[in-house]
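Participant: File start_12.txt below, compact mmCIF, C-alpha atoms and all ligand atoms:
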```txt
# COMPACT_ATOMS: atom_id res chain seq x y z
CA MET A 20 112.01 77.91 116.26
CA ASN A 21 109.45 77.26 113.54
CA SER A 22 109.55 74.46 111.03
CA ALA A 23 110.48 76.81 108.20
CA SER A 24 113.82 76.71 109.94
CA ILE A 25 113.84 72.89 109.81
CA ALA A 26 113.79 73.04 106.06
CA SER A 27 116.55 75.62 105.95
CA THR A 28 118.84 74.10 108.59
CA VAL A 29 122.27 73.70 107.05
CA SER A 30 122.72 69.98 106.56
CA PRO A 31 126.01 68.12 106.47
CA ALA A 32 127.40 66.81 103.18
CA THR A 33 126.82 63.26 104.40
CA LEU A 34 123.58 62.77 106.31
CA ASP A 35 123.35 60.52 109.33
CA ARG A 36 120.71 59.55 111.88
CA ALA A 37 122.05 62.07 114.42
CA HIS A 38 121.33 64.86 111.95
CA CYS A 39 117.76 63.55 111.55
CA LEU A 40 117.33 63.55 115.32
CA SER A 41 118.58 67.12 115.49
CA LEU A 42 115.92 68.13 112.95
CA ASP A 43 113.28 66.40 115.08
CA ALA A 44 114.47 68.25 118.16
CA GLN A 45 113.56 71.55 116.46
CA ASP A 46 110.25 70.33 115.05
CA PRO A 47 107.33 72.47 116.31
CA LEU A 48 104.85 69.80 115.17
CA ALA A 49 106.55 66.86 116.89
CA ALA A 50 103.98 66.68 119.71
CA ARG A 51 101.13 66.12 117.22
CA ARG A 52 102.30 62.52 116.69
CA GLU A 53 100.74 61.76 120.08
CA LEU A 54 97.34 62.60 118.61
CA PHE A 55 97.54 59.41 116.52
CA ALA A 56 97.33 55.75 117.54
CA LEU A 57 100.13 54.19 115.51
CA PRO A 58 101.29 50.64 116.21
CA ALA A 59 104.78 50.18 117.65
CA GLY A 60 107.37 49.08 115.13
CA VAL A 61 105.57 50.60 112.15
CA ILE A 62 106.74 53.50 110.00
CA TYR A 63 103.60 54.51 108.20
CA LEU A 64 104.25 55.99 104.76
CA ASP A 65 100.79 55.38 103.33
CA GLY A 66 98.75 58.26 104.75
CA ASN A 67 98.23 59.30 101.12
CA SER A 68 96.07 56.19 100.75
CA LEU A 69 94.54 55.65 104.20
CA GLY A 70 95.47 58.07 106.96
CA ALA A 71 96.47 56.84 110.43
CA MET A 72 93.81 56.77 113.14
CA PRO A 73 93.56 59.84 115.38
CA ARG A 74 93.11 58.92 119.03
CA ALA A 75 90.01 61.14 119.20
CA VAL A 76 88.07 58.82 116.90
CA PRO A 77 87.25 55.73 119.02
CA GLY A 78 85.71 57.75 121.87
CA ARG A 79 83.57 59.73 119.46
CA MET A 80 82.41 56.56 117.71
CA GLN A 81 81.63 54.90 121.02
CA LYS A 82 79.48 57.86 122.05
CA ALA A 83 77.74 57.93 118.67
CA ILE A 84 76.94 54.23 118.88
CA GLU A 85 76.22 53.66 122.56
CA GLN A 86 74.48 56.94 123.43
CA GLU A 87 73.34 58.77 120.34
CA TRP A 88 72.18 55.73 118.38
CA ALA A 89 71.35 53.12 121.04
CA VAL A 90 69.67 55.51 123.48
CA GLY A 91 68.88 58.66 121.52
CA LEU A 92 67.58 56.71 118.53
CA ILE A 93 65.86 58.87 115.90
CA ARG A 94 65.84 61.83 118.30
CA SER A 95 69.58 62.23 117.73
CA TRP A 96 69.06 63.74 114.29
CA ASN A 97 67.94 66.82 116.22
CA ASP A 98 69.22 66.36 119.76
CA ALA A 99 72.77 65.27 118.88
CA ASP A 100 73.04 67.63 115.90
CA TRP A 101 73.35 64.79 113.43
CA TYR A 102 71.46 66.61 110.70
CA PRO A 103 73.85 69.58 110.20
CA ALA A 104 76.99 67.38 110.25
CA PRO A 105 77.69 67.61 106.46
CA GLN A 106 77.83 71.41 106.67
CA ARG A 107 79.66 71.47 110.01
CA VAL A 108 82.40 69.08 108.89
CA GLY A 109 82.64 70.85 105.54
CA ALA A 110 83.24 74.15 107.32
CA ARG A 111 86.07 72.55 109.28
CA ILE A 112 87.70 71.28 106.07
CA SER A 113 87.30 74.69 104.41
CA GLN A 114 90.00 76.04 106.75
CA LEU A 115 92.54 73.63 105.23
CA ILE A 116 91.86 74.52 101.60
CA GLY A 117 91.39 78.28 101.52
CA ALA A 118 87.61 78.32 101.30
CA GLN A 119 84.79 79.92 103.27
CA GLY A 120 82.90 77.69 105.67
CA HIS A 121 79.68 77.77 103.66
CA GLU A 122 81.44 76.79 100.42
CA VAL A 123 82.36 73.23 101.49
CA ILE A 124 80.11 70.29 102.31
CA VAL A 125 80.77 66.62 103.07
CA ALA A 126 78.81 64.06 101.06
CA ASP A 127 79.12 60.87 99.05
CA SER A 128 82.44 59.73 97.58
CA THR A 129 84.96 61.73 95.57
CA SER A 130 83.90 59.91 92.41
CA VAL A 131 80.24 60.84 92.95
CA ASN A 132 81.01 64.46 93.82
CA LEU A 133 83.11 64.73 90.68
CA PHE A 134 80.20 63.40 88.64
CA LYS A 135 77.83 65.94 90.17
CA LEU A 136 80.19 68.85 89.59
CA LEU A 137 81.12 67.87 86.03
CA VAL A 138 77.48 67.77 85.00
CA ALA A 139 76.80 71.02 86.86
CA ALA A 140 79.77 72.68 85.15
CA LEU A 141 78.60 71.56 81.69
CA ARG A 142 75.19 73.04 82.44
CA LEU A 143 76.87 76.35 83.27
CA ARG A 144 78.62 76.39 79.88
CA PRO A 145 75.94 75.32 77.35
CA GLY A 146 77.16 74.96 73.79
CA ARG A 147 80.72 74.05 74.75
CA LYS A 148 81.63 70.53 73.75
CA THR A 149 84.76 69.52 75.69
CA ILE A 150 85.65 68.22 79.13
CA LEU A 151 89.41 68.66 79.28
CA GLY A 152 91.45 66.36 81.51
CA GLU A 153 94.98 65.05 81.88
CA ASN A 154 96.63 61.78 80.93
CA GLY A 155 97.90 60.05 84.03
CA ASN A 156 95.17 61.36 86.32
CA PHE A 157 93.77 58.98 88.92
CA PRO A 158 91.61 56.53 86.92
CA THR A 159 88.31 57.36 88.59
CA ASP A 160 88.65 60.99 87.49
CA ALA A 161 89.10 59.93 83.87
CA TYR A 162 86.39 57.27 84.02
CA ILE A 163 83.87 59.68 85.50
CA ALA A 164 84.75 62.38 82.96
CA SER A 165 84.26 59.89 80.11
CA GLY A 166 80.96 58.74 81.58
CA VAL A 167 79.70 62.30 81.93
CA ALA A 168 80.86 63.12 78.39
CA GLU A 169 78.93 60.16 76.98
CA LEU A 170 75.83 61.06 78.98
CA SER A 171 75.98 64.71 77.98
CA GLY A 172 76.95 64.37 74.33
CA VAL A 173 80.31 66.13 74.68
CA GLN A 174 83.86 64.84 74.28
CA HIS A 175 86.36 64.01 77.03
CA ARG A 176 89.82 65.03 75.87
CA ALA A 177 92.86 64.06 77.95
CA VAL A 178 96.23 65.70 77.28
CA SER A 179 99.61 65.39 78.97
CA PRO A 180 100.17 67.71 81.94
CA ASP A 181 102.48 70.04 80.02
CA GLU A 182 99.88 70.46 77.25
CA VAL A 183 97.01 71.54 79.51
CA MET A 184 97.57 75.28 79.13
CA ALA A 185 97.75 75.09 75.33
CA ALA A 186 94.70 72.83 75.13
CA LEU A 187 92.48 75.38 76.91
CA ASN A 188 90.29 77.01 74.29
CA GLU A 189 86.79 78.32 73.84
CA ASP A 190 85.34 74.87 73.26
CA VAL A 191 86.31 73.74 76.76
CA ALA A 192 83.41 73.85 79.21
CA VAL A 193 85.33 72.44 82.14
CA LEU A 194 88.87 71.42 82.96
CA THR A 195 89.31 68.69 85.56
CA LEU A 196 92.72 68.13 87.17
CA THR A 197 94.16 66.57 90.29
CA HIS A 198 96.22 69.21 92.10
CA VAL A 199 98.87 66.71 93.31
CA ASN A 200 99.31 63.74 90.97
CA TYR A 201 98.67 60.43 92.73
CA LYS A 202 101.63 58.68 91.12
CA SER A 203 104.34 61.30 90.76
CA GLY A 204 103.39 63.66 93.58
CA GLN A 205 103.84 66.60 91.19
CA VAL A 206 101.84 69.76 91.94
CA TYR A 207 100.03 71.88 89.39
CA ASP A 208 100.12 75.67 89.58
CA MET A 209 96.50 76.10 90.63
CA ALA A 210 96.49 79.90 90.28
CA ALA A 211 98.02 80.05 86.79
CA ILE A 212 95.89 77.25 85.35
CA THR A 213 92.66 78.55 86.83
CA ARG A 214 93.44 82.04 85.49
CA ARG A 215 94.10 80.69 81.98
CA ALA A 216 90.93 78.58 82.06
CA HIS A 217 88.87 81.61 83.04
CA GLU A 218 90.44 83.66 80.23
CA VAL A 219 88.89 81.23 77.73
CA GLY A 220 85.64 81.06 79.68
CA ALA A 221 86.15 77.52 81.03
CA LEU A 222 85.46 76.34 84.58
CA VAL A 223 87.90 74.22 86.62
CA ILE A 224 87.32 71.33 89.03
CA TRP A 225 90.31 70.57 91.26
CA ASP A 226 90.66 67.13 92.82
CA LEU A 227 92.34 67.77 96.17
CA ALA A 228 92.63 64.09 97.19
CA HIS A 229 96.39 64.43 97.77
CA THR A 230 96.31 68.06 98.90
CA ALA A 231 93.79 68.48 101.72
CA GLY A 232 95.50 67.90 105.04
CA ALA A 233 98.89 67.37 103.38
CA MET A 234 99.70 70.90 102.26
CA PRO A 235 97.85 74.21 102.15
CA CYS A 236 96.07 75.40 99.08
CA ASP A 237 94.12 78.59 98.61
CA LEU A 238 91.04 77.92 96.50
CA ASN A 239 89.56 81.39 96.84
CA ALA A 240 92.83 83.24 96.28
CA CYS A 241 93.10 81.25 93.02
CA GLU A 242 89.44 82.02 92.21
CA ALA A 243 88.80 78.29 91.88
CA ASP A 244 85.32 77.25 90.81
CA PHE A 245 84.92 73.75 92.23
CA ALA A 246 86.89 71.12 94.11
CA VAL A 247 86.47 67.64 95.50
CA GLY A 248 88.63 65.51 97.78
CA CYS A 249 88.85 62.37 99.91
CA GLY A 250 88.17 62.18 103.65
CA TYR A 251 90.24 59.04 104.22
CA LYS A 252 93.70 60.10 103.05
CA TYR A 253 95.52 62.99 104.75
CA LEU A 254 92.30 63.99 106.55
CA ASN A 255 92.48 60.66 108.41
CA GLY A 256 88.71 60.07 108.43
CA GLY A 257 89.02 56.27 108.21
CA PRO A 258 88.29 53.70 105.51
CA GLY A 259 85.52 54.88 103.20
CA ALA A 260 85.21 58.24 104.95
CA PRO A 261 82.91 60.57 103.00
CA SER A 262 84.30 63.07 100.52
CA PHE A 263 84.09 66.86 100.47
CA ALA A 264 82.97 69.20 97.72
CA PHE A 265 83.74 72.90 97.31
CA VAL A 266 81.58 75.26 95.25
CA ALA A 267 82.69 78.89 95.08
CA GLN A 268 80.00 81.16 96.45
CA ARG A 269 79.53 82.94 93.11
CA HIS A 270 78.24 79.66 91.61
CA HIS A 271 75.85 78.78 94.42
CA ASP A 272 72.66 80.16 92.91
CA SER A 273 73.22 78.85 89.39
CA LEU A 274 74.59 75.39 90.27
CA ARG A 275 72.35 72.53 89.11
CA GLN A 276 73.78 69.17 89.99
CA PRO A 277 72.16 66.08 88.50
CA ILE A 278 71.55 63.77 91.48
CA THR A 279 68.51 65.55 92.81
CA GLY A 280 67.95 63.73 96.07
CA TRP A 281 65.81 64.87 98.94
CA HIS A 282 68.67 66.09 101.16
CA GLY A 283 69.58 68.61 98.46
CA HIS A 284 65.99 69.91 98.40
CA ALA A 285 65.11 73.34 99.74
CA LYS A 286 62.51 71.79 102.11
CA PRO A 287 63.29 68.09 102.57
CA PHE A 288 60.74 67.67 105.32
CA ALA A 289 57.92 69.28 103.38
CA PHE A 290 57.90 66.07 101.29
CA GLY A 291 56.76 67.90 98.18
CA GLN A 292 56.62 66.03 94.88
CA SER A 293 58.78 68.33 92.79
CA TYR A 294 62.44 69.14 93.22
CA GLU A 295 63.51 72.58 94.36
CA PRO A 296 67.25 72.92 95.03
CA ALA A 297 68.33 74.07 98.46
CA PRO A 298 70.03 77.46 98.61
CA GLY A 299 73.81 77.52 98.80
CA ILE A 300 76.14 74.54 99.12
CA ASP A 301 73.35 72.34 100.56
CA ARG A 302 72.17 71.54 97.04
CA MET A 303 75.25 69.35 96.65
CA LEU A 304 73.67 66.87 99.08
CA VAL A 305 71.86 63.83 97.71
CA GLY A 306 70.51 61.38 100.27
CA THR A 307 70.95 60.52 103.94
CA ALA A 308 74.58 61.08 104.89
CA PRO A 309 76.84 58.24 106.12
CA GLN A 310 76.62 59.63 109.65
CA MET A 311 79.10 57.30 111.33
CA GLY A 312 81.71 58.15 108.73
CA LEU A 313 81.00 61.83 109.23
CA PHE A 314 81.49 61.55 112.99
CA ALA A 315 84.78 59.72 112.58
CA LEU A 316 85.97 62.35 110.11
CA GLU A 317 84.86 65.18 112.38
CA ALA A 318 86.77 63.75 115.33
CA ALA A 319 89.79 63.08 113.12
CA LEU A 320 89.91 66.71 111.99
CA THR A 321 90.71 67.82 115.54
CA VAL A 322 94.35 66.91 114.82
CA PHE A 323 94.44 70.08 112.71
CA ASP A 324 93.17 72.35 115.48
CA GLY A 325 95.36 75.43 115.83
CA LEU A 326 97.73 74.23 113.13
CA ASP A 327 99.82 76.68 111.13
CA LEU A 328 99.54 75.30 107.59
CA GLN A 329 102.82 76.91 106.59
CA GLN A 330 104.52 74.86 109.30
CA LEU A 331 102.80 71.76 107.96
CA ARG A 332 104.12 72.51 104.48
CA ALA A 333 107.63 73.27 105.71
CA LYS A 334 107.83 70.01 107.65
CA SER A 335 106.37 67.99 104.78
CA LEU A 336 109.00 69.41 102.40
CA SER A 337 111.70 68.79 104.97
CA LEU A 338 110.65 65.10 105.24
CA THR A 339 110.28 64.50 101.49
CA GLY A 340 113.48 66.42 100.70
CA LEU A 341 115.37 64.37 103.28
CA PHE A 342 113.98 61.13 101.85
CA ILE A 343 115.16 62.07 98.35
CA ARG A 344 118.65 62.99 99.61
CA LEU A 345 118.91 59.75 101.55
CA ILE A 346 117.82 57.68 98.54
CA ASP A 347 120.61 59.40 96.57
CA GLN A 348 123.12 58.82 99.36
CA GLU A 349 122.23 55.29 100.48
CA LEU A 350 120.66 53.54 97.51
CA ALA A 351 122.72 54.50 94.47
CA GLY A 352 123.37 51.47 92.25
CA PHE A 353 120.24 49.53 93.21
CA GLY A 354 118.25 50.50 90.12
CA PHE A 355 115.88 53.08 91.61
CA GLY A 356 114.60 56.07 89.67
CA LEU A 357 112.90 59.16 91.10
CA ALA A 358 109.40 59.88 89.74
CA THR A 359 108.83 62.96 91.93
CA PRO A 360 110.21 66.45 91.29
CA ARG A 361 113.23 67.48 93.35
CA GLU A 362 112.10 71.09 93.27
CA ASP A 363 110.15 71.90 96.45
CA ALA A 364 107.53 74.04 94.74
CA LEU A 365 106.60 71.18 92.41
CA ARG A 366 106.37 68.47 95.07
CA GLY A 367 103.32 67.49 97.11
CA SER A 368 103.73 65.39 100.25
CA GLN A 369 104.83 62.12 98.69
CA VAL A 370 107.88 60.69 96.99
CA SER A 371 107.61 58.00 94.32
CA LEU A 372 110.47 55.82 93.24
CA THR A 373 110.56 53.57 90.20
CA HIS A 374 112.00 50.08 90.15
CA GLU A 375 111.21 47.10 87.93
CA GLN A 376 110.78 44.94 91.07
CA GLY A 377 108.74 47.61 92.81
CA TYR A 378 105.88 45.36 93.92
CA ALA A 379 108.09 42.77 95.65
CA ILE A 380 110.27 45.46 97.23
CA VAL A 381 107.20 47.17 98.74
CA GLN A 382 105.97 43.83 100.10
CA ALA A 383 109.39 43.15 101.69
CA LEU A 384 109.33 46.62 103.25
CA ILE A 385 105.82 46.10 104.63
CA ALA A 386 106.96 42.80 106.19
CA ARG A 387 109.59 44.86 108.03
CA GLY A 388 107.06 47.43 109.25
CA VAL A 389 107.73 50.15 106.67
CA ILE A 390 104.36 50.62 104.98
CA GLY A 391 104.20 52.26 101.58
CA ASP A 392 102.34 51.10 98.50
CA PHE A 393 102.81 50.13 94.87
CA ARG A 394 101.20 51.56 91.77
CA ALA A 395 101.53 49.67 88.50
CA PRO A 396 103.64 49.34 86.50
CA ASP A 397 106.72 50.19 88.56
CA ILE A 398 106.01 52.90 91.19
CA LEU A 399 106.90 52.57 94.87
CA ARG A 400 104.86 55.28 96.57
CA PHE A 401 105.70 56.82 99.94
CA GLY A 402 103.39 59.37 101.54
CA PHE A 403 104.72 61.68 104.25
CA ALA A 404 102.06 62.86 106.69
CA ALA A 405 103.90 65.60 108.56
CA LEU A 406 101.69 65.36 111.65
CA TYR A 407 102.85 61.87 112.59
CA LEU A 408 106.21 61.27 110.94
CA SER A 409 109.66 62.30 112.10
CA HIS A 410 112.98 62.77 110.34
CA ALA A 411 114.30 59.74 112.24
CA ASP A 412 111.43 57.71 110.72
CA VAL A 413 112.67 58.79 107.29
CA TRP A 414 116.20 57.66 108.14
CA ASP A 415 114.93 54.31 109.48
CA ALA A 416 112.70 53.73 106.45
CA VAL A 417 115.60 54.31 104.04
CA ALA A 418 117.88 52.08 106.18
CA THR A 419 115.24 49.32 105.95
CA LEU A 420 115.00 49.77 102.18
CA LYS A 421 118.79 49.54 101.93
CA ASP A 422 118.72 46.33 103.94
CA VAL A 423 115.99 44.86 101.71
CA MET A 424 118.10 45.64 98.64
CA GLN A 425 121.48 44.56 100.02
CA ASN A 426 120.09 41.24 101.23
CA LYS A 427 117.85 40.75 98.21
CA ALA A 428 115.03 40.14 100.68
CA TRP A 429 112.45 41.09 98.07
CA GLN A 430 113.26 37.90 96.12
CA ALA A 431 111.40 35.72 98.67
CA PRO A 432 108.48 34.00 96.88
CA GLU A 433 105.87 35.37 99.28
CA PHE A 434 106.67 38.93 98.15
CA MET A 435 106.11 38.16 94.47
CA ALA A 436 102.42 37.12 94.67
CA LYS A 437 100.12 40.07 93.93
CA LYS A 438 97.43 40.83 96.51
CA ALA A 439 94.01 42.27 95.59
CA VAL A 440 94.83 45.74 96.98
CA THR A 441 98.33 46.97 96.21
C1 LIG A 501 93.14 61.74 92.88
C2 LIG A 501 92.13 60.78 93.42
N1 LIG A 501 90.82 61.01 93.21
C3 LIG A 501 89.88 60.16 93.68
C4 LIG A 501 90.24 59.03 94.39
C5 LIG A 501 89.24 58.04 94.90
O1 LIG A 501 87.94 58.41 94.84
P1 LIG A 501 86.83 57.59 95.66
O2 LIG A 501 86.93 58.03 97.08
O3 LIG A 501 85.56 57.93 95.01
O4 LIG A 501 87.17 56.12 95.59
C6 LIG A 501 91.60 58.78 94.65
C7 LIG A 501 91.97 57.57 95.43
O5 LIG A 501 93.09 57.22 95.62
C8 LIG A 501 92.55 59.67 94.14
O6 LIG A 501 93.86 59.43 94.33
```
Show me this structure written as structure tokens.

Facilitator:
Amino acid sequence: MNSASIASTVSPATLDRAHCLSLDAQDPLAARRELFALPAGVIYLDGNSLGAMPRAVPGRMQKAIEQEWAVGLIRSWNDADWYPAPQRVGARISQLIGAQGHEVIVADSTSVNLFKLLVAALRLRPGRKTILGENGNFPTDAYIASGVAELSGVQHRAVSPDEVMAALNEDVAVLTLTHVNYKSGQVYDMAAITRRAHEVGALVIWDLAHTAGAMPCDLNACEADFAVGCGYKYLNGGPGAPSFAFVAQRHHDSLRQPITGWHGHAKPFAFGQSYEPAPGIDRMLVGTAPQMGLFALEAALTVFDGLDLQQLRAKSLSLTGLFIRLIDQELAGFGFGLATPREDALRGSQVSLTHEQGYAIVQALIARGVIGDFRAPDILRFGFAALYLSHADVWDAVATLKDVMQNKAWQAPEFMAKKAVT
């Protein structure tokens, strides 16, 4: 039985834990949970912020440190294949986002890759004066777009998500959007928006921070131009894991990104004095890669080996859909709102609730081992990584939330004090 059938299993009018267990019994991805080292007693609903640790990572890191670095020393750049890691890991990620292997590379952070691609996109559309973005995008996307606009003498215009299509006109050089919104979990129609942007001659940069590893997307089928995304969220690469960048093959020869470091040079080890961009995606590189982060990410990506992405999507929708139904069923009257679309096609792999005491409620949940996060002003955010969560986890998380609300546990003073990272 595949997981498409999980999502379509007829569910009883009133859901109970036994029903959740029956869904888990049919789950073709259930065994993948064993690929992760999750602490006992924790239900981890924050893989949209920092993914859980795949068991393959520590061994790989130990080898990289104790053999390749300590013994191999500088020789490992060649002997342990350190040097081609950005391309190799990029090719692995390409399989999750509908790209060709040579169109994706791992480098820098998402913010920096966005900067490089925004400047490169403006250079491909000289004379156009607008970077179009969305209100409510993740702040770094807006900050970087404003910074690039100031540097380049163009304007950064942000419109609400439902105005994006109408705002696309012949003055727009580049549109920059996040495919799955970090707060609401709402998904844009990548194909329709990219098509419309191309009709007016604009380019599009998709931020896949909340897409890659959480749900499939098909960059090339949508004729996407560029994309960026995080290695540490649903790709589980660990804190500060490097980011990935996608450049469609048709833009490879004309792409001129602004941070012209030696690793993006055609002949880095010729040590010439003038910059000549490397052919292909390699020109997105800047300086020496964060190798340890790359190795952790590479090992982490093995959890996706042999995965059917449609099964991943079906299970993710089954988990998020169940969570929404259980919130309706178990938590009516406690003041929660739903900030995420109910419609499957519009939902990524997270569910966000609103509540005026959201921060304290999330802290009380974390103290009970149910880890989500809070986004100001009032969003309780729950990410559902389908490779390591079960339907029973969803039931138990909602039962814990109900307990926190019924017992007013969130009112304890220690849950009111804001921490540095929410
Ligand atoms: C949509 C989006 N883009 C970018 C980032 C972060 O970028 P960086 O890795 O440069 O900190 C996040 C982090 O949560 C995000 O949600």

Participant: Residues within 10 Å of ligand LIG 501 (chain A) should be enumerated using all atoms listed in the file and returned as a VMD selection string.

Facilitator: chain A and resid 67 to 69 127 to 134 156 to 161 163 196 to 202 225 to 230 247 to 252 258 to 263

Participant: To one decimal place in Å, what is the distance between CA of Leu313 in chain A and CA of Asn239 in chain A?

Facilitator: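 Result for CA of Leu313 in chain A versus CA of Asn239 in chain A: 24.7 Å, one decimal.
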
Participant: In Å, with one decimal, what is the gap from CA of Leu115 in chain A to CA of Leu320 in chain A?

Facilitator: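 So the two atoms, CA of Leu115 in chain A and CA of Leu320 in chain A, lie 10.0 Å apart.
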
Participant: Which residue out of A:Ala431, A:Ala110, A:Leu194, A:Val440 has the minimum interatomic distance to Arg214 in chain A when only C-alpha atoms are used?

Facilitator: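 With only C-alpha atoms as the atom set, the closest residue is A:Leu194.
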
Participant: Give me, as a Markdown table, each residue of range 82-200 of chain A that comes within 12 Å of range 279-289 of chain A, together with its shortest interatomic pair and the distance in Å at one decimal, counting all atoms listed in the file, with rows ordered by chain and rising residue number.

Facilitator:
```
| residue | atom | partner | partner_atom | distance |
| --- | --- | --- | --- | --- |
| A:Tyr102 | CA | A:His282 | CA | 10.0 |
| A:Pro103 | CA | A:His282 | CA | 11.0 |
| A:Pro105 | CA | A:His282 | CA | 10.6 |
| A:Gln106 | CA | A:His282 | CA | 11.9 |
| A:Ile124 | CA | A:Gly283 | CA | 11.3 |
| A:Ala126 | CA | A:His282 | CA | 10.3 |
| A:Asp127 | CA | A:His282 | CA | 11.9 |
| A:Lys135 | CA | A:Thr279 | CA | 9.7 |
| A:Ala139 | CA | A:Thr279 | CA | 11.6 |
```

Participant: Please provide the set of residues having any atom within 9 Å of Ala71 in chain A, restricted to all atoms listed in the file, with same-chain residues fewer than 6 positions apart removed, written as a ChimeraX atom specification.

Facilitator: /A:55-57,63,65,252-253,255-257,407

Participant: Name the residues within 7 Å of (105.9, 46.3, 93.1), counting only C-alpha atoms in the file's coordinates, and put them as a PyMOL selection string.

Facilitator: chain A and resi 376-381+393+397-399

Participant: How would the residues just chosen look if you wrote them out with C-alpha atoms as a PDB file, in the coordinates of the input?

Facilitator:
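Writing the result to part35.pdb gives the following:
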```
ATOM      1  CA  GLN A 376     110.780  44.940  91.070  1.00  0.00           C
ATOM      2  CA  GLY A 377     108.740  47.610  92.810  1.00  0.00           C
ATOM      3  CA  TYR A 378     105.880  45.360  93.920  1.00  0.00           C
ATOM      4  CA  ALA A 379     108.090  42.770  95.650  1.00  0.00           C
ATOM      5  CA  ILE A 380     110.270  45.460  97.230  1.00  0.00           C
ATOM      6  CA  VAL A 381     107.200  47.170  98.740  1.00  0.00           C
ATOM      7  CA  PHE A 393     102.810  50.130  94.870  1.00  0.00           C
ATOM      8  CA  ASP A 397     106.720  50.190  88.560  1.00  0.00           C
ATOM      9  CA  ILE A 398     106.010  52.900  91.190  1.00  0.00           C
ATOM     10  CA  LEU A 399     106.900  52.570  94.870  1.00  0.00           C
TER      11      LEU A 399
END
```

Participant: Which residue out of A:Gly352, A:Leu64, A:Thr213, A:Ile112 has the minimum interatomic distance to Val322 in chain A when only C-alpha atoms are used?

Facilitator: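 Checking each candidate against Val322 in chain A, we get A:Ile112 as the closest.
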
Participant: Fewer than 3 positions away in the same chain doesn't count, so skip those; otherwise give me all residues within 9 Å of range 142-154 of chain A, counting only C-alpha atoms, as a VMD selection string.

Facilitator: chain A and resid 137 to 139 157 160 to 161 164 to 165 167 to 168 172 to 180 182 to 183 186 to 187 189 to 197 220 to 222 273 to 276

Participant: Once 6 Å is added on each side, what centre and edge lengths in Å to one decimal does the axis-aligned box around all listed atoms of range 57-72 of chain A have, as lines of an AutoDock Vina configuration file?

Facilitator:
```
center_x = 100.6
center_y = 54.2
center_z = 109.2
size_x = 25.6
size_y = 22.2
size_z = 28.9
```

Participant: Just checking: using all atoms listed in the file, which residue out of A:Phe323, A:Phe290, A:Trp414, A:Phe355 ends up closest to Leu42 in chain A?

Facilitator: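 Once distances to Leu42 in chain A are computed over all atoms listed in the file, the minimum belongs to A:Trp414.
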